[in-house]
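Below is entry.cif, holding mmCIF, C-alpha atoms.
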data_upload
#
loop_
_atom_site.group_PDB
_atom_site.id
_atom_site.type_symbol
_atom_site.label_atom_id
_atom_site.label_comp_id
_atom_site.auth_asym_id
_atom_site.auth_seq_id
_atom_site.Cartn_x
_atom_site.Cartn_y
_atom_site.Cartn_z
ATOM 1 C CA MET A 10 78.655 96.452 73.199
ATOM 2 C CA VAL A 11 76.909 96.478 76.568
ATOM 3 C CA THR A 12 77.866 99.286 78.919
ATOM 4 C CA VAL A 13 78.738 97.961 82.351
ATOM 5 C CA TYR A 14 78.088 99.973 85.483
ATOM 6 C CA ILE A 15 81.121 100.306 87.726
ATOM 7 C CA SER A 16 80.242 101.743 91.112
ATOM 8 C CA VAL A 17 81.880 104.909 92.406
ATOM 9 C CA ASP A 18 83.563 102.938 95.205
ATOM 10 C CA LEU A 19 84.979 100.377 92.781
ATOM 11 C CA ARG A 20 86.216 103.104 90.409
ATOM 12 C CA ARG A 21 87.881 104.870 93.343
ATOM 13 C CA LEU A 22 89.578 101.637 94.464
ATOM 14 C CA VAL A 23 90.925 100.922 90.963
ATOM 15 C CA TYR A 24 92.095 104.522 90.474
ATOM 16 C CA GLU A 25 93.833 104.747 93.845
ATOM 17 C CA ARG A 26 95.441 101.312 93.493
ATOM 18 C CA ALA A 27 96.916 102.459 90.152
ATOM 19 C CA GLN A 28 97.961 105.816 91.641
ATOM 20 C CA GLY A 29 96.176 107.509 88.750
ATOM 21 C CA CYS A 30 98.455 105.923 86.134
ATOM 22 C CA CYS A 31 97.777 103.541 83.266
ATOM 23 C CA GLU A 32 98.643 100.095 84.563
ATOM 24 C CA TYR A 33 99.962 99.095 81.140
ATOM 25 C CA CYS A 34 102.134 102.012 79.893
ATOM 26 C CA LEU A 35 102.347 103.982 83.195
ATOM 27 C CA LEU A 36 101.023 107.230 81.680
ATOM 28 C CA PRO A 37 99.661 109.436 84.485
ATOM 29 C CA GLU A 38 96.097 110.574 83.901
ATOM 30 C CA LEU A 39 97.025 114.099 84.994
ATOM 31 C CA ALA A 40 99.433 114.339 82.065
ATOM 32 C CA GLY A 41 96.984 113.117 79.427
ATOM 33 C CA PHE A 42 94.416 114.925 77.348
ATOM 34 C CA SER A 43 91.577 112.622 78.350
ATOM 35 C CA VAL A 44 90.543 110.640 81.392
ATOM 36 C CA HIS A 45 91.746 107.097 81.924
ATOM 37 C CA GLN A 46 89.304 104.249 81.525
ATOM 38 C CA TYR A 47 88.432 101.122 83.487
ATOM 39 C CA ASP A 48 89.596 98.053 81.600
ATOM 40 C CA HIS A 49 88.234 94.567 82.144
ATOM 41 C CA ILE A 50 91.501 92.603 82.082
ATOM 42 C CA ILE A 51 89.525 89.544 81.009
ATOM 43 C CA ALA A 52 86.664 90.923 78.916
ATOM 44 C CA GLN A 53 83.138 90.070 79.963
ATOM 45 C CA LYS A 54 82.620 88.196 76.699
ATOM 46 C CA HIS A 55 85.429 85.880 77.862
ATOM 47 C CA GLY A 56 83.834 85.418 81.298
ATOM 48 C CA GLY A 57 85.539 88.316 83.093
ATOM 49 C CA THR A 58 83.741 89.987 85.970
ATOM 50 C CA THR A 59 83.360 93.581 87.053
ATOM 51 C CA SER A 60 85.380 93.126 90.220
ATOM 52 C CA PRO A 61 88.557 94.563 91.753
ATOM 53 C CA LYS A 62 90.601 91.543 90.669
ATOM 54 C CA ASN A 63 89.591 91.990 87.019
ATOM 55 C CA LEU A 64 89.752 95.766 86.580
ATOM 56 C CA ALA A 65 92.741 97.902 85.655
ATOM 57 C CA LEU A 66 93.138 101.604 85.032
ATOM 58 C CA ALA A 67 94.111 102.160 81.392
ATOM 59 C CA CYS A 68 94.868 105.214 79.301
ATOM 60 C CA PRO A 69 92.586 105.546 76.276
ATOM 61 C CA PHE A 70 95.364 104.508 73.881
ATOM 62 C CA CYS A 71 96.166 101.243 75.712
ATOM 63 C CA ASN A 72 92.501 100.459 76.329
ATOM 64 C CA ARG A 73 91.606 100.918 72.649
ATOM 65 C CA ARG A 74 94.561 98.812 71.470
ATOM 66 C CA LYS A 75 93.831 96.033 73.982
ATOM 67 C CA GLY A 76 90.092 95.887 73.426
ATOM 68 C CA SER A 77 88.816 92.492 74.512
ATOM 69 C CA ASP A 78 92.091 90.726 73.662
ATOM 70 C CA ILE A 79 93.580 88.413 76.260
ATOM 71 C CA ALA A 80 96.572 87.189 74.215
ATOM 72 C CA ALA A 81 98.848 88.236 71.350
ATOM 73 C CA ILE A 82 101.661 86.810 69.250
ATOM 74 C CA ASP A 83 105.159 86.905 70.753
ATOM 75 C CA SER A 84 107.332 88.450 68.033
ATOM 76 C CA ALA A 85 110.371 86.353 69.026
ATOM 77 C CA THR A 86 108.708 82.933 69.012
ATOM 78 C CA GLY A 87 105.615 83.414 66.857
ATOM 79 C CA LYS A 88 103.556 81.762 69.599
ATOM 80 C CA LEU A 89 100.345 82.981 71.160
ATOM 81 C CA VAL A 90 101.033 84.383 74.638
ATOM 82 C CA ARG A 91 98.678 85.829 77.236
ATOM 83 C CA LEU A 92 98.885 89.557 77.797
ATOM 84 C CA PHE A 93 100.287 91.307 80.853
ATOM 85 C CA ASP A 94 97.760 91.196 83.693
ATOM 86 C CA PRO A 95 98.225 94.005 86.240
ATOM 87 C CA ARG A 96 96.502 91.930 88.944
ATOM 88 C CA ARG A 97 98.611 88.781 88.454
ATOM 89 C CA ASN A 98 101.901 90.180 87.205
ATOM 90 C CA ILE A 99 104.484 92.661 88.436
ATOM 91 C CA TRP A 100 105.221 95.345 85.828
ATOM 92 C CA ALA A 101 108.975 95.387 86.490
ATOM 93 C CA ALA A 102 109.188 91.616 85.951
ATOM 94 C CA HIS A 103 107.968 92.015 82.351
ATOM 95 C CA PHE A 104 109.086 95.505 81.320
ATOM 96 C CA GLN A 105 111.893 97.933 81.931
ATOM 97 C CA LEU A 106 111.785 101.672 81.383
ATOM 98 C CA VAL A 107 114.964 102.698 79.539
ATOM 99 C CA ASP A 108 115.020 106.417 78.981
ATOM 100 C CA ALA A 109 111.517 106.855 77.534
ATOM 101 C CA GLN A 110 111.223 103.427 75.926
ATOM 102 C CA ILE A 111 109.384 100.481 77.486
ATOM 103 C CA VAL A 112 111.608 97.467 76.914
ATOM 104 C CA PRO A 113 109.966 94.040 77.188
ATOM 105 C CA LEU A 114 111.820 91.491 79.321
ATOM 106 C CA THR A 115 109.649 88.399 78.803
ATOM 107 C CA ARG A 116 107.411 86.832 76.192
ATOM 108 C CA ILE A 117 104.401 88.350 77.981
ATOM 109 C CA GLY A 118 106.193 91.692 77.850
ATOM 110 C CA ARG A 119 106.961 91.322 74.134
ATOM 111 C CA ALA A 120 103.403 90.342 73.221
ATOM 112 C CA THR A 121 101.911 93.178 75.284
ATOM 113 C CA THR A 122 104.410 95.775 74.048
ATOM 114 C CA HIS A 123 103.681 94.841 70.452
ATOM 115 C CA LEU A 124 99.884 94.759 70.783
ATOM 116 C CA LEU A 125 99.605 97.978 72.803
ATOM 117 C CA GLN A 126 102.291 99.718 70.714
ATOM 118 C CA PHE A 127 104.097 101.204 73.712
ATOM 119 C CA ASN A 128 107.046 102.332 71.626
ATOM 120 C CA LEU A 129 105.538 104.162 68.707
ATOM 121 C CA PRO A 130 107.670 107.258 68.097
ATOM 122 C CA THR A 131 104.869 109.544 69.313
ATOM 123 C CA ARG A 132 104.435 107.563 72.539
ATOM 124 C CA ILE A 133 108.185 107.599 73.255
ATOM 125 C CA GLU A 134 108.290 111.335 72.550
ATOM 126 C CA GLU A 135 105.309 111.892 74.870
ATOM 127 C CA ARG A 136 106.986 109.912 77.689
ATOM 128 C CA ALA A 137 110.299 111.734 77.163
ATOM 129 C CA LEU A 138 108.616 115.143 77.410
ATOM 130 C CA LEU A 139 106.645 114.105 80.482
ATOM 131 C CA MET A 140 109.801 112.718 82.112
ATOM 132 C CA LYS A 141 111.669 115.944 81.371
ATOM 133 C CA THR A 142 108.928 118.027 83.007
ATOM 134 C CA GLY A 143 108.626 115.652 85.963
ATOM 135 C CA LEU A 144 105.044 114.639 85.122
ATOM 136 C CA PHE A 145 105.999 111.054 84.306
ATOM 137 C CA LYS A 146 107.575 109.210 87.163
ATOM 138 C CA LYS A 147 108.407 105.576 87.393
ATOM 139 C CA LEU A 148 106.010 104.396 90.090
ATOM 140 C CA ILE A 149 107.225 100.808 90.297
#
Please re-express this file's structure in structure tokens.
Amino acid sequence: MVTVYISVDLRRLVYERAQGCCEYCLLPELAGFSVHQYDHIIAQKHGGTTSPKNLALACPFCNRRKGSDIAAIDSATGKLVRLFDPRRNIWAAHFQLVDAQIVPLTRIGRATTHLLQFNLPTRIEERALLMKTGLFKKLI
């Protein structure tokens, strides 16, 4: 894998735009055990660029699960569906936070939730604890 240089200014823009939270699962970087990463929404191998419109802030868990994927199978229909794109989509149109669970509202939401495993018991427990302490706030 080729390491791509992302300028300090571009990293700052992406971080500030995301308010320091993962743009997929909403985990705040300040509450995590490692720094968030800069995700190419469309991977370079698929023609994605290193530009503001193609970068998202992602926690390490979401970034590892997503990898270079741009689509996943919708569990309800069995069809291939593109993943949630933080630059093109509004989080609240595809997901809803119910207690500490991220509930998908659309086929894009279902495919993304399944691929990124938002609702593993450990992830729900982590969100619940962070919500209880006030470190996890719904920013949308």
Counting all atoms listed in the file, which residues sit no farther than 12 Å from the position (99.8, 89.0, 86.0) in the file's frame? I'd like them as a short mmCIF file (atom, residue, chain, number, x, y, z; two decimals) with C-alpha atoms, keeping the file's coordinate frame.
data_model
loop_
_atom_site.label_atom_id
_atom_site.label_comp_id
_atom_site.auth_asym_id
_atom_site.auth_seq_id
_atom_site.Cartn_x
_atom_site.Cartn_y
_atom_site.Cartn_z
CA GLU A 32 98.64 100.10 84.56
CA TYR A 33 99.96 99.10 81.14
CA ILE A 50 91.50 92.60 82.08
CA ILE A 51 89.52 89.54 81.01
CA LYS A 62 90.60 91.54 90.67
CA ASN A 63 89.59 91.99 87.02
CA ALA A 65 92.74 97.90 85.66
CA ILE A 79 93.58 88.41 76.26
CA ARG A 91 98.68 85.83 77.24
CA LEU A 92 98.88 89.56 77.80
CA PHE A 93 100.29 91.31 80.85
CA ASP A 94 97.76 91.20 83.69
CA PRO A 95 98.22 94.00 86.24
CA ARG A 96 96.50 91.93 88.94
CA ARG A 97 98.61 88.78 88.45
CA ASN A 98 101.90 90.18 87.20
CA ILE A 99 104.48 92.66 88.44
CA TRP A 100 105.22 95.34 85.83
CA ALA A 101 108.98 95.39 86.49
CA ALA A 102 109.19 91.62 85.95
CA HIS A 103 107.97 92.02 82.35
CA ILE A 117 104.40 88.35 77.98
CA GLY A 118 106.19 91.69 77.85
CA THR A 121 101.91 93.18 75.28
#
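The gap separating atom CA of A:His123 from atom CA of A:Leu39 is 25.0 Å, in Å to one decimal.
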Select all residues near (91.1, 99.0, 80.8) (cut-off 7 Å, inclusive, file coordinates), counting all atoms listed in the file, and output them as a list in words. Gln46, Tyr47, Asp48, His49, Ile50, Leu64, Ala65, Leu66, Ala67 and Asn72 of chain A
Could you list the residues chosen by the PyMOL selection byres ((chain A and resi 17-21) around 8) in this structure as a list of chain:residue names?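 Checking the PyMOL selection byres ((chain A and resi 17-21) around 8) against this file, the residues are A:Ile15, A:Ser16, A:Leu22, A:Val23, A:Tyr24, A:Glu25, A:Tyr47, A:Ser60, A:Pro61.
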I need the residue nearest A:Ser84 from this list: A:Ala27, A:Leu35, A:Ala120, A:Ala137. Use only C-alpha atoms for the distance.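 Distance minimum relative to A:Ser84 lands on A:Ala120.
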May I ask which of the residues A:Gln28, A:Phe70, A:Val112, A:Tyr14 is the closest one to A:Gly41, counting all atoms listed in the file?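 For A:Gly41, the nearest of the given residues is A:Phe70.
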Among the residues A:His45, A:Lys54, A:Arg116, A:Lys141, the one that comes closest to A:Cys68 [using all atoms listed in the file]: A:His45
Hey, can you check how far atom CA of A:Asp83 sits from atom CA of A:Gln110?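 So the answer is 18.3 Å.
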Gap from atom CA of A:Gln126 to atom CA of A:Arg26 - Å, one decimal: 23.8 Å
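Close contacts of A:Arg74, defined as residues with an atom at most 9 Å away when counting all atoms listed in the file, with chain neighbours fewer than 5 positions off set aside, comprise Pro69, Leu124, Leu125 and Gln126 of chain A.
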Target residues per the PyMOL selection byres ((chain A and resi 144) around 12), formatted as a PDB file with C-alpha atoms, keeping the file's coordinate frame:
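Here's the written file selection_7.pdb:
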ATOM      1  CA  GLY A  29      96.176 107.509  88.750  1.00  0.00           C
ATOM      2  CA  CYS A  30      98.455 105.923  86.134  1.00  0.00           C
ATOM      3  CA  LEU A  35     102.347 103.982  83.195  1.00  0.00           C
ATOM      4  CA  LEU A  36     101.023 107.230  81.680  1.00  0.00           C
ATOM      5  CA  PRO A  37      99.661 109.436  84.485  1.00  0.00           C
ATOM      6  CA  GLU A  38      96.097 110.574  83.901  1.00  0.00           C
ATOM      7  CA  LEU A  39      97.025 114.099  84.994  1.00  0.00           C
ATOM      8  CA  ALA A  40      99.433 114.339  82.065  1.00  0.00           C
ATOM      9  CA  GLY A  41      96.984 113.117  79.427  1.00  0.00           C
ATOM     10  CA  GLU A 135     105.309 111.892  74.870  1.00  0.00           C
ATOM     11  CA  ARG A 136     106.986 109.912  77.689  1.00  0.00           C
ATOM     12  CA  ALA A 137     110.299 111.734  77.163  1.00  0.00           C
ATOM     13  CA  LEU A 138     108.616 115.143  77.410  1.00  0.00           C
ATOM     14  CA  LEU A 139     106.645 114.105  80.482  1.00  0.00           C
ATOM     15  CA  MET A 140     109.801 112.718  82.112  1.00  0.00           C
ATOM     16  CA  LYS A 141     111.669 115.944  81.371  1.00  0.00           C
ATOM     17  CA  THR A 142     108.928 118.027  83.007  1.00  0.00           C
ATOM     18  CA  GLY A 143     108.626 115.652  85.963  1.00  0.00           C
ATOM     19  CA  PHE A 145     105.999 111.054  84.306  1.00  0.00           C
ATOM     20  CA  LYS A 146     107.575 109.210  87.163  1.00  0.00           C
ATOM     21  CA  LYS A 147     108.407 105.576  87.393  1.00  0.00           C
ATOM     22  CA  LEU A 148     106.010 104.396  90.090  1.00  0.00           C
TER      23      LEU A 148
END
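If all atoms listed in the file are the atoms counted, then among A:Cys34, A:Ser77, A:Thr59, A:Val13 the closest residue to A:Arg132 is A:Cys34.
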Using the file's own x, y and z axes, what box holds all listed atoms of stretch 48-67 of chain A with 4 Å on each side, keeping edges along x, y and z, and what are its centre and edge lengths in Å to one decimal, as AutoDock Vina command-line options?
--center_x 88.4 --center_y 93.8 --center_z 84.2 --size_x 19.5 --size_y 24.7 --size_z 23.1
